[in-house]
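Engineer: One file: final_39.csv (CSV, C-alpha atoms and all ligand atoms).
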```
chain,number,residue,atom,x,y,z
A,944,MET,CA,110.9,91.1,67.5
A,945,SER,CA,110.3,94.8,68.2
A,946,SER,CA,108.2,95.5,71.2
A,947,SER,CA,106.3,98.0,69.1
A,948,ALA,CA,105.4,95.4,66.4
A,949,PRO,CA,101.6,95.0,65.9
A,950,VAL,CA,99.5,92.4,67.7
A,951,VAL,CA,96.9,90.5,65.6
A,952,LEU,CA,93.5,90.2,67.2
A,953,ALA,CA,91.3,87.7,65.4
A,954,VAL,CA,87.7,87.3,66.2
A,955,SER,CA,85.8,84.2,65.0
A,956,GLY,CA,82.2,83.1,65.3
A,957,ALA,CA,82.0,81.7,68.9
A,958,SER,CA,79.8,83.0,71.7
A,959,ALA,CA,82.2,85.3,73.6
A,960,GLN,CA,82.2,88.4,71.5
A,961,PRO,CA,82.3,90.8,74.5
A,962,LEU,CA,85.8,89.4,75.3
A,963,ALA,CA,87.0,90.5,71.9
A,964,GLU,CA,85.6,94.0,72.3
A,965,ARG,CA,87.2,94.4,75.7
A,966,ALA,CA,90.5,93.1,74.4
A,967,LEU,CA,90.4,95.6,71.6
A,968,GLN,CA,89.7,98.4,74.0
A,969,LEU,CA,92.5,97.4,76.4
A,970,LEU,CA,95.0,97.1,73.6
A,971,LEU,CA,94.2,100.5,72.2
A,972,GLU,CA,94.2,102.1,75.6
A,973,ALA,CA,97.7,100.6,76.0
A,974,ASP,CA,98.7,102.4,72.8
A,975,GLU,CA,99.3,99.1,70.9
A,976,THR,CA,99.0,98.7,67.1
A,977,VAL,CA,96.2,96.2,66.4
A,978,GLU,CA,95.7,94.3,63.2
A,979,MET,CA,92.1,93.1,63.5
A,980,VAL,CA,90.3,90.4,61.6
A,981,THR,CA,86.7,89.5,62.2
A,982,SER,CA,85.4,86.4,60.5
A,983,ARG,CA,82.1,86.2,58.6
A,984,GLY,CA,80.9,83.9,61.3
A,985,ALA,CA,81.8,86.4,64.0
A,986,ILE,CA,79.9,89.2,62.2
A,987,GLY,CA,76.8,86.8,62.3
A,988,VAL,CA,77.3,86.1,66.0
A,989,TRP,CA,77.6,89.9,66.9
A,990,GLN,CA,74.3,90.4,65.1
A,991,ALA,CA,72.5,87.3,66.6
A,992,GLU,CA,73.6,87.7,70.2
A,993,MET,CA,74.1,91.4,70.6
A,994,GLY,CA,72.1,93.0,67.8
A,995,LEU,CA,75.2,94.6,66.6
A,996,ARG,CA,75.8,95.3,62.9
A,997,VAL,CA,79.5,95.1,62.4
A,998,PRO,CA,80.4,96.4,58.9
A,999,SER,CA,82.6,94.2,56.8
A,1000,GLU,CA,84.4,97.0,55.0
A,1001,PRO,CA,87.7,97.7,56.8
A,1002,ASP,CA,87.4,101.5,57.0
A,1003,LEU,CA,83.8,101.4,58.2
A,1004,GLN,CA,84.8,98.7,60.7
A,1005,GLU,CA,87.7,100.9,62.1
A,1006,ARG,CA,85.3,103.8,62.6
A,1007,PHE,CA,82.7,101.4,64.2
A,1008,TRP,CA,85.2,100.1,66.7
A,1009,ARG,CA,86.6,103.5,67.5
A,1010,GLU,CA,83.1,104.6,68.4
A,1011,ARG,CA,82.2,101.5,70.3
A,1012,THR,CA,85.4,101.4,72.4
A,1013,GLY,CA,85.4,105.2,72.9
A,1014,CYS,CA,89.2,105.1,72.5
A,1015,ASP,CA,91.2,107.2,70.1
A,1016,ARG,CA,94.6,105.9,71.2
A,1017,GLY,CA,96.8,103.3,69.6
A,1018,VAL,CA,96.6,102.2,66.0
A,1019,LEU,CA,93.8,100.1,64.6
A,1020,ARG,CA,93.8,98.4,61.2
A,1021,CYS,CA,90.9,96.2,60.3
A,1022,HIS,CA,91.1,93.6,57.5
A,1023,ARG,CA,88.3,92.0,55.5
A,1024,TRP,CA,87.6,88.4,56.5
A,1025,ASN,CA,88.8,87.0,53.2
A,1026,ASP,CA,91.5,89.4,52.2
A,1027,GLN,CA,94.4,87.0,51.5
A,1028,ALA,CA,96.5,89.9,50.1
A,1029,ALA,CA,96.5,91.8,53.4
A,1030,ALA,CA,100.0,92.5,54.8
A,1031,ILE,CA,99.4,90.2,57.8
A,1032,ALA,CA,98.9,87.3,55.4
A,1033,SER,CA,102.6,87.3,54.7
A,1034,GLY,CA,105.3,85.9,56.9
A,1035,SER,CA,107.5,88.8,56.0
A,1036,PHE,CA,105.2,91.2,57.9
A,1037,GLN,CA,106.4,91.3,61.5
A,1038,THR,CA,104.0,90.9,64.4
A,1039,ARG,CA,104.4,90.3,68.1
A,1040,GLY,CA,101.9,87.5,67.9
A,1041,MET,CA,98.3,86.6,67.3
A,1042,VAL,CA,95.4,86.0,69.6
A,1043,ILE,CA,92.2,84.3,68.4
A,1044,LEU,CA,89.5,85.4,70.8
A,1045,PRO,CA,87.1,83.7,70.8
A,1046,ALA,CA,88.1,80.8,68.6
A,1047,SER,CA,85.2,78.8,67.0
A,1048,MET,CA,85.5,75.1,66.5
A,1049,GLY,CA,85.2,75.7,62.8
A,1050,THR,CA,88.2,78.0,62.8
A,1051,VAL,CA,90.2,75.7,65.1
A,1052,GLY,CA,89.5,72.7,62.8
A,1053,ARG,CA,90.5,74.6,59.6
A,1054,ILE,CA,93.8,75.8,61.1
A,1055,ALA,CA,94.5,72.4,62.5
A,1056,SER,CA,94.1,70.8,59.1
A,1057,GLY,CA,96.1,73.5,57.3
A,1058,VAL,CA,93.1,74.8,55.4
A,1059,ALA,CA,93.7,78.6,54.9
A,1060,LEU,CA,90.5,79.7,53.1
A,1061,ASP,CA,89.9,82.9,55.2
A,1062,LEU,CA,92.3,85.5,56.4
A,1063,ILE,CA,92.3,84.3,60.1
A,1064,GLU,CA,93.3,80.8,59.0
A,1065,ARG,CA,96.1,82.1,56.8
A,1066,VAL,CA,97.5,84.4,59.4
A,1067,ALA,CA,97.4,81.7,62.1
A,1068,ASP,CA,99.2,79.4,59.6
A,1069,VAL,CA,101.8,82.1,59.1
A,1070,HIS,CA,102.3,82.5,62.9
A,1071,LEU,CA,102.9,78.7,63.3
A,1072,LYS,CA,105.3,78.5,60.4
A,1073,GLU,CA,107.2,81.5,61.5
A,1074,ARG,CA,107.3,80.2,65.1
A,1075,ARG,CA,105.6,83.3,66.4
A,1076,PRO,CA,103.3,83.3,69.3
A,1077,LEU,CA,99.8,82.1,68.5
A,1078,VAL,CA,97.3,82.1,71.4
A,1079,ILE,CA,93.9,80.3,70.7
A,1080,ALA,CA,91.0,80.9,73.1
A,1081,PRO,CA,88.5,78.2,72.1
A,1082,ARG,CA,84.8,78.6,73.1
A,1083,GLU,CA,82.6,75.5,73.0
A,1084,LEU,CA,81.1,73.3,75.6
A,1085,PRO,CA,81.4,70.4,75.8
A,1086,TRP,CA,84.3,69.5,73.5
A,1087,ASN,CA,83.9,66.4,71.4
A,1088,LEU,CA,86.9,64.2,70.4
A,1089,VAL,CA,87.4,66.0,67.1
A,1090,HIS,CA,87.7,69.4,68.9
A,1091,LEU,CA,90.1,67.9,71.4
A,1092,ARG,CA,92.2,66.3,68.6
A,1093,ASN,CA,92.3,69.6,66.7
A,1094,LEU,CA,93.3,71.5,69.8
A,1095,THR,CA,96.0,68.9,70.5
A,1096,ALA,CA,97.4,69.2,67.0
A,1097,LEU,CA,97.6,73.0,67.3
A,1098,ALA,CA,99.3,72.7,70.7
A,1099,GLU,CA,101.8,70.3,69.1
A,1100,ALA,CA,102.4,72.7,66.3
A,1101,GLY,CA,103.3,75.4,68.9
A,1102,ALA,CA,100.1,77.3,69.6
A,1103,CYS,CA,99.1,78.1,73.2
A,1104,ILE,CA,95.6,76.9,74.0
A,1105,ALA,CA,94.1,79.4,76.4
A,1106,PRO,CA,90.3,78.7,76.9
A,1107,PRO,CA,88.5,81.7,78.5
A,1108,VAL,CA,87.5,79.8,81.6
A,1109,PRO,CA,86.5,81.8,84.7
A,1110,ALA,CA,88.1,81.6,88.1
A,1111,TRP,CA,87.0,83.0,91.5
A,1112,TYR,CA,90.3,83.5,93.3
A,1113,HIS,CA,90.4,87.1,92.2
A,1114,GLN,CA,87.0,87.6,93.9
A,1115,PRO,CA,85.1,89.2,91.0
A,1116,SER,CA,82.1,91.3,92.0
A,1117,SER,CA,80.7,91.9,88.5
A,1118,LEU,CA,80.6,90.3,85.1
A,1119,ASP,CA,82.8,93.2,83.8
A,1120,GLU,CA,85.5,92.1,86.3
A,1121,MET,CA,85.2,88.5,85.1
A,1122,VAL,CA,85.5,89.7,81.5
A,1123,ASP,CA,88.6,91.7,82.4
A,1124,PHE,CA,90.1,88.6,84.2
A,1125,LEU,CA,89.6,86.4,81.2
A,1126,VAL,CA,91.0,88.9,78.7
A,1127,ILE,CA,94.0,89.7,80.8
A,1128,ARG,CA,94.8,86.0,81.4
A,1129,VAL,CA,94.5,85.2,77.7
A,1130,PHE,CA,96.9,88.1,76.8
A,1131,ASP,CA,99.2,86.9,79.6
A,1132,ALA,CA,99.8,84.0,77.3
A,1133,LEU,CA,101.2,86.4,74.7
A,1134,GLY,CA,103.4,88.0,77.3
A,1135,LEU,CA,101.4,91.2,77.3
A,1136,GLU,CA,100.1,92.6,80.6
A,1137,LEU,CA,96.9,94.3,79.5
A,1138,GLY,CA,95.7,95.6,82.9
A,1139,ALA,CA,95.8,95.4,86.7
A,1140,LEU,CA,94.6,92.1,88.0
A,1141,ASN,CA,94.0,90.8,91.5
A,1142,ARG,CA,96.5,87.9,91.0
A,1143,TRP,CA,96.7,85.0,93.3
A,1144,GLN,CA,99.1,85.8,96.2
A,1145,GLY,CA,98.4,82.7,98.3
A,1146,PRO,CA,95.5,81.9,100.7
A,1147,LEU,CA,93.8,84.7,102.4
A,1148,GLN,CA,94.7,85.2,106.1
A,1149,ARG,CA,91.4,84.6,107.7
A,1150,PRO,CA,90.8,84.8,111.5
A,1151,SER,CA,90.5,81.3,113.0
A,1152,SER,CA,86.9,80.3,113.8
A,1153,SER,CA,87.9,78.1,116.8
B,1,LIG,C1,74.7,82.8,68.0
B,1,LIG,C2,75.7,81.8,67.6
B,1,LIG,C3,76.6,81.4,68.6
B,1,LIG,C4,77.6,80.5,68.3
B,1,LIG,N1,78.5,80.0,69.2
B,1,LIG,C5,79.5,79.2,68.9
B,1,LIG,C6,80.4,78.8,69.9
B,1,LIG,O1,80.4,79.2,71.1
B,1,LIG,N2,81.4,78.0,69.5
B,1,LIG,C7,81.6,77.5,68.2
B,1,LIG,O2,82.5,76.8,67.9
B,1,LIG,N3,80.7,77.9,67.2
B,1,LIG,C8,79.6,78.7,67.6
B,1,LIG,N4,78.7,79.1,66.6
B,1,LIG,C9,78.8,78.5,65.3
B,1,LIG,C10,79.8,79.2,64.4
B,1,LIG,O3,79.5,80.6,64.3
B,1,LIG,C11,79.8,78.7,63.0
B,1,LIG,O4,80.3,77.3,63.0
B,1,LIG,C12,80.6,79.5,62.0
B,1,LIG,O5,80.6,78.9,60.7
B,1,LIG,C13,82.0,79.7,62.4
B,1,LIG,O6,82.7,80.5,61.4
B,1,LIG,P1,84.2,81.0,61.7
B,1,LIG,O7,84.9,79.9,62.3
B,1,LIG,O8,84.6,81.4,60.3
B,1,LIG,O9,84.1,82.2,62.5
B,1,LIG,C14,77.7,80.0,66.9
B,1,LIG,C15,76.8,80.5,66.0
B,1,LIG,C16,75.8,81.4,66.3
B,1,LIG,C17,74.9,81.9,65.3
```
Would you mind writing the file's structure down as structure tokens?
Ligand SMILES: Cc1cc2nc3c(=O)[nH]c(=O)nc-3n(C[C@H](O)[C@H](O)[C@H](O)COP(=O)(O)O)c2cc1C
Structural biologist:
Amino acid sequence: MSSSAPVVLAVSGASAQPLAERALQLLLEADETVEMVTSRGAIGVWQAEMGLRVPSEPDLQERFWRERTGCDRGVLRCHRWNDQAAAIASGSFQTRGMVILPASMGTVGRIASGVALDLIERVADVHLKERRPLVIAPRELPWNLVHLRNLTALAEAGACIAPPVPAWYHQPSSLDEMVDFLVIRVFDALGLELGALNRWQGPLQRPSSS
């Protein structure tokens, strides 16, 4: 796979939309080509949680995200949530992989049962059948048995399950730093280093108190 092939960024309707926005910004700043799909559910969550009206028409969406991220680098192609004729819906279209960030339990369940009604589900299905990287960042708390079984089925089918769970070893001093940590760790799973991170180097050398 060419290292310049596009990356698919799929955003579904779970409560972690700022992670998706930061991921898009970092991908574009890194001059990546991004194929972006935002589910109908995600558009509703943007509106409910952040008061953001994300347009559903692809060209308006591209303009919207360019303005929000303030980034004119890279290539951004947005796709309508139900456009099953989009290039990325075919296995013949080459990508470097797909990240679903965040992944709602509805999207997880539909992919796990092979129900490809919307574009995100179809593209995820394609990545699994083509044995291409599929990283799923599920957001729900707690998980019930159905969620766990669906996530297990997806892991068995080859997906990497990378829940956006915070850590403190990188010593974040702000929510923005925590957001960056989560986004960078999720994209680590795709083999893409999206930014500098205070990675674990072993225990700090602290002066002894005795
Ligand atoms: C404000 C808001 C927050 C939500 N947060 C979550 C969440 O964190 N996880 C989840 O699985 N569903 C969440 N939902 C429910 C999903 O958005 C809903 O199941 C939707 O149908 C998912 O559609 P999609 O999978 O096509 O994106 C939330 C809904 C709203 C309105």
Engineer: Quick one: distance from atom C14 of ligand LIG 1 (chain B) to atom CA of Ala957 of chain A in Å, one decimal?
Structural biologist: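 Atom CA of Ala957 of chain A lies 5.0 Å from atom C14 of ligand LIG 1 (chain B).
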Engineer: Report as JSON lines: every residue of chain A with an atom at most 8 Å from ligand LIG 1 (chain B), its closest pair of atoms, and their distance in Å to one decimal, counting only C-alpha atoms and all ligand atoms, with rows sorted by chain and ascending residue number.
Structural biologist:
```
{"residue": "A:Val954", "atom": "CA", "partner": "B:LIG1", "partner_atom": "O9", "distance": 7.3}
{"residue": "A:Ser955", "atom": "CA", "partner": "B:LIG1", "partner_atom": "O9", "distance": 3.6}
{"residue": "A:Gly956", "atom": "CA", "partner": "B:LIG1", "partner_atom": "O9", "distance": 3.5}
{"residue": "A:Ala957", "atom": "CA", "partner": "B:LIG1", "partner_atom": "C6", "distance": 3.5}
{"residue": "A:Ser958", "atom": "CA", "partner": "B:LIG1", "partner_atom": "O1", "distance": 3.9}
{"residue": "A:Ala959", "atom": "CA", "partner": "B:LIG1", "partner_atom": "O1", "distance": 6.8}
{"residue": "A:Thr981", "atom": "CA", "partner": "B:LIG1", "partner_atom": "O9", "distance": 7.8}
{"residue": "A:Ser982", "atom": "CA", "partner": "B:LIG1", "partner_atom": "O9", "distance": 4.8}
{"residue": "A:Arg983", "atom": "CA", "partner": "B:LIG1", "partner_atom": "O8", "distance": 5.7}
{"residue": "A:Gly984", "atom": "CA", "partner": "B:LIG1", "partner_atom": "O9", "distance": 3.8}
{"residue": "A:Ala985", "atom": "CA", "partner": "B:LIG1", "partner_atom": "O9", "distance": 5.0}
{"residue": "A:Gly987", "atom": "CA", "partner": "B:LIG1", "partner_atom": "C17", "distance": 6.1}
{"residue": "A:Val988", "atom": "CA", "partner": "B:LIG1", "partner_atom": "C1", "distance": 4.7}
{"residue": "A:Trp989", "atom": "CA", "partner": "B:LIG1", "partner_atom": "C1", "distance": 7.7}
{"residue": "A:Ala991", "atom": "CA", "partner": "B:LIG1", "partner_atom": "C1", "distance": 5.2}
{"residue": "A:Glu992", "atom": "CA", "partner": "B:LIG1", "partner_atom": "C1", "distance": 5.5}
{"residue": "A:Ala1046", "atom": "CA", "partner": "B:LIG1", "partner_atom": "O2", "distance": 6.9}
{"residue": "A:Ser1047", "atom": "CA", "partner": "B:LIG1", "partner_atom": "O2", "distance": 3.5}
{"residue": "A:Met1048", "atom": "CA", "partner": "B:LIG1", "partner_atom": "O2", "distance": 3.7}
{"residue": "A:Gly1049", "atom": "CA", "partner": "B:LIG1", "partner_atom": "O7", "distance": 4.2}
{"residue": "A:Thr1050", "atom": "CA", "partner": "B:LIG1", "partner_atom": "O7", "distance": 3.8}
{"residue": "A:Val1051", "atom": "CA", "partner": "B:LIG1", "partner_atom": "O7", "distance": 7.3}
{"residue": "A:Asp1061", "atom": "CA", "partner": "B:LIG1", "partner_atom": "O8", "distance": 7.5}
{"residue": "A:Pro1081", "atom": "CA", "partner": "B:LIG1", "partner_atom": "O2", "distance": 7.5}
{"residue": "A:Arg1082", "atom": "CA", "partner": "B:LIG1", "partner_atom": "O1", "distance": 4.9}
{"residue": "A:Glu1083", "atom": "CA", "partner": "B:LIG1", "partner_atom": "N2", "distance": 4.5}
{"residue": "A:Leu1084", "atom": "CA", "partner": "B:LIG1", "partner_atom": "O1", "distance": 7.5}
```
Engineer: Within 10 Å of (78.0, 94.4, 61.0) in the file's own coordinates, which protein, DNA or RNA residues have an atom, counting all atoms listed in the file? List them as a list in words.
Structural biologist: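 Those within range, by chain then number, are Arg983, Ala985, Ile986, Gly987, Val988, Trp989, Gln990, Gly994, Leu995, Arg996, Val997, Pro998, Ser999, Glu1000, Leu1003, Gln1004 and Phe1007 of chain A.
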Engineer: List the spatial neighbours of Gly1017 of chain A as a PyMOL selection string - criterion: any atom at most 10 Å away, all atoms listed in the file, same-chain residues fewer than 3 positions off excluded.
Structural biologist: chain A and resi 968-977+1014
Engineer: Enter the distance from atom CA of Asn1093 of chain A to atom CA of Lys1072 of chain A, in Å, rounded to one decimal.
Structural biologist: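 It comes out at 17.0 Å.
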Engineer: Distance atom CA of Gln1027 of chain A-atom CA of Gln960 of chain A, one decimal place?
Structural biologist: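 Value for the atom CA of Gln1027 of chain A-atom CA of Gln960 of chain A distance: 23.5 Å.
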Engineer: Give me, as a PyMOL selection string, all polymer residues having an atom no more than 8 Å from Val1066 of chain A, counting all atoms listed in the file and skipping those fewer than 5 positions away in the same chain.
Structural biologist: chain A and resi 1031-1033
Engineer: For Gly1138 of chain A, which residue among A:Leu1125, A:Met993, A:Ala1100, A:Ala1067 is the nearest when counting only C-alpha atoms?
Structural biologist: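 The answer is A:Leu1125, which sits nearest to Gly1138 of chain A.
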Engineer: Neighbours of Ile1079 of chain A within 12 Å (all atoms listed in the file; same-chain residues fewer than 4 positions away dropped), as a PyMOL selection string?
Structural biologist: chain A and resi 951-955+1040-1048+1050-1052+1054-1055+1063-1064+1067+1070-1071+1093-1095+1097-1098+1101-1107+1129-1130+1132-1133
Engineer: Which residue out of A:Ala948, A:Ile1127, A:Ala963, A:Ala1030 has the minimum interatomic distance to Asn1141 of chain A when only C-alpha atoms are used?
Structural biologist: A:Ile1127
Engineer: Would you please work out which residue, of A:Pro1115, A:Ser947, A:Arg1065, A:Trp1086, is nearest to Val1018 of chain A when using only C-alpha atoms?
Structural biologist: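 Residue with the minimum atom-to-atom distance to Val1018 of chain A: A:Ser947.
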Engineer: At a cut-off of 7 Å, using all atoms listed in the file, what residues contact Cys1021 of chain A? Leave out same-chain residues fewer than 3 positions from it and give the result as a list in words.
Structural biologist: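 Using all atoms listed in the file, the neighbours found are Glu978, Met979, Val980, Pro1001, Gln1004 and Glu1005 of chain A.
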Engineer: Quick one: residues within 10 Å of Met1121 of chain A, all atoms listed in the file, excluding same-chain residues fewer than 4 positions away - as a VMD selection string?
Structural biologist: chain A and resid 962 1108 to 1111 1113 to 1117 1125 to 1127
Engineer: Could you check the closest approach to Val1069 of chain A for each of A:Leu1088, A:Arg1039, A:Arg1006, A:Gly1034 and tell me which residue wins, using all atoms listed in the file?
Structural biologist: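 Under the stated criterion, the closest residue is A:Gly1034.
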Engineer: Quick one: of A:His1022, A:Val1078, A:Arg965, A:Pro949, who's nearest to Leu1137 of chain A, counting all atoms listed in the file?
Structural biologist: A:Arg965
Engineer: Pick from A:Asn1087, A:Pro1076, A:Asp1119, A:Leu1147: nearest to Asp1131 of chain A, with only C-alpha atoms counted?
Structural biologist: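 When distances to Asp1131 of chain A are compared using only C-alpha atoms, the smallest one comes from A:Pro1076.
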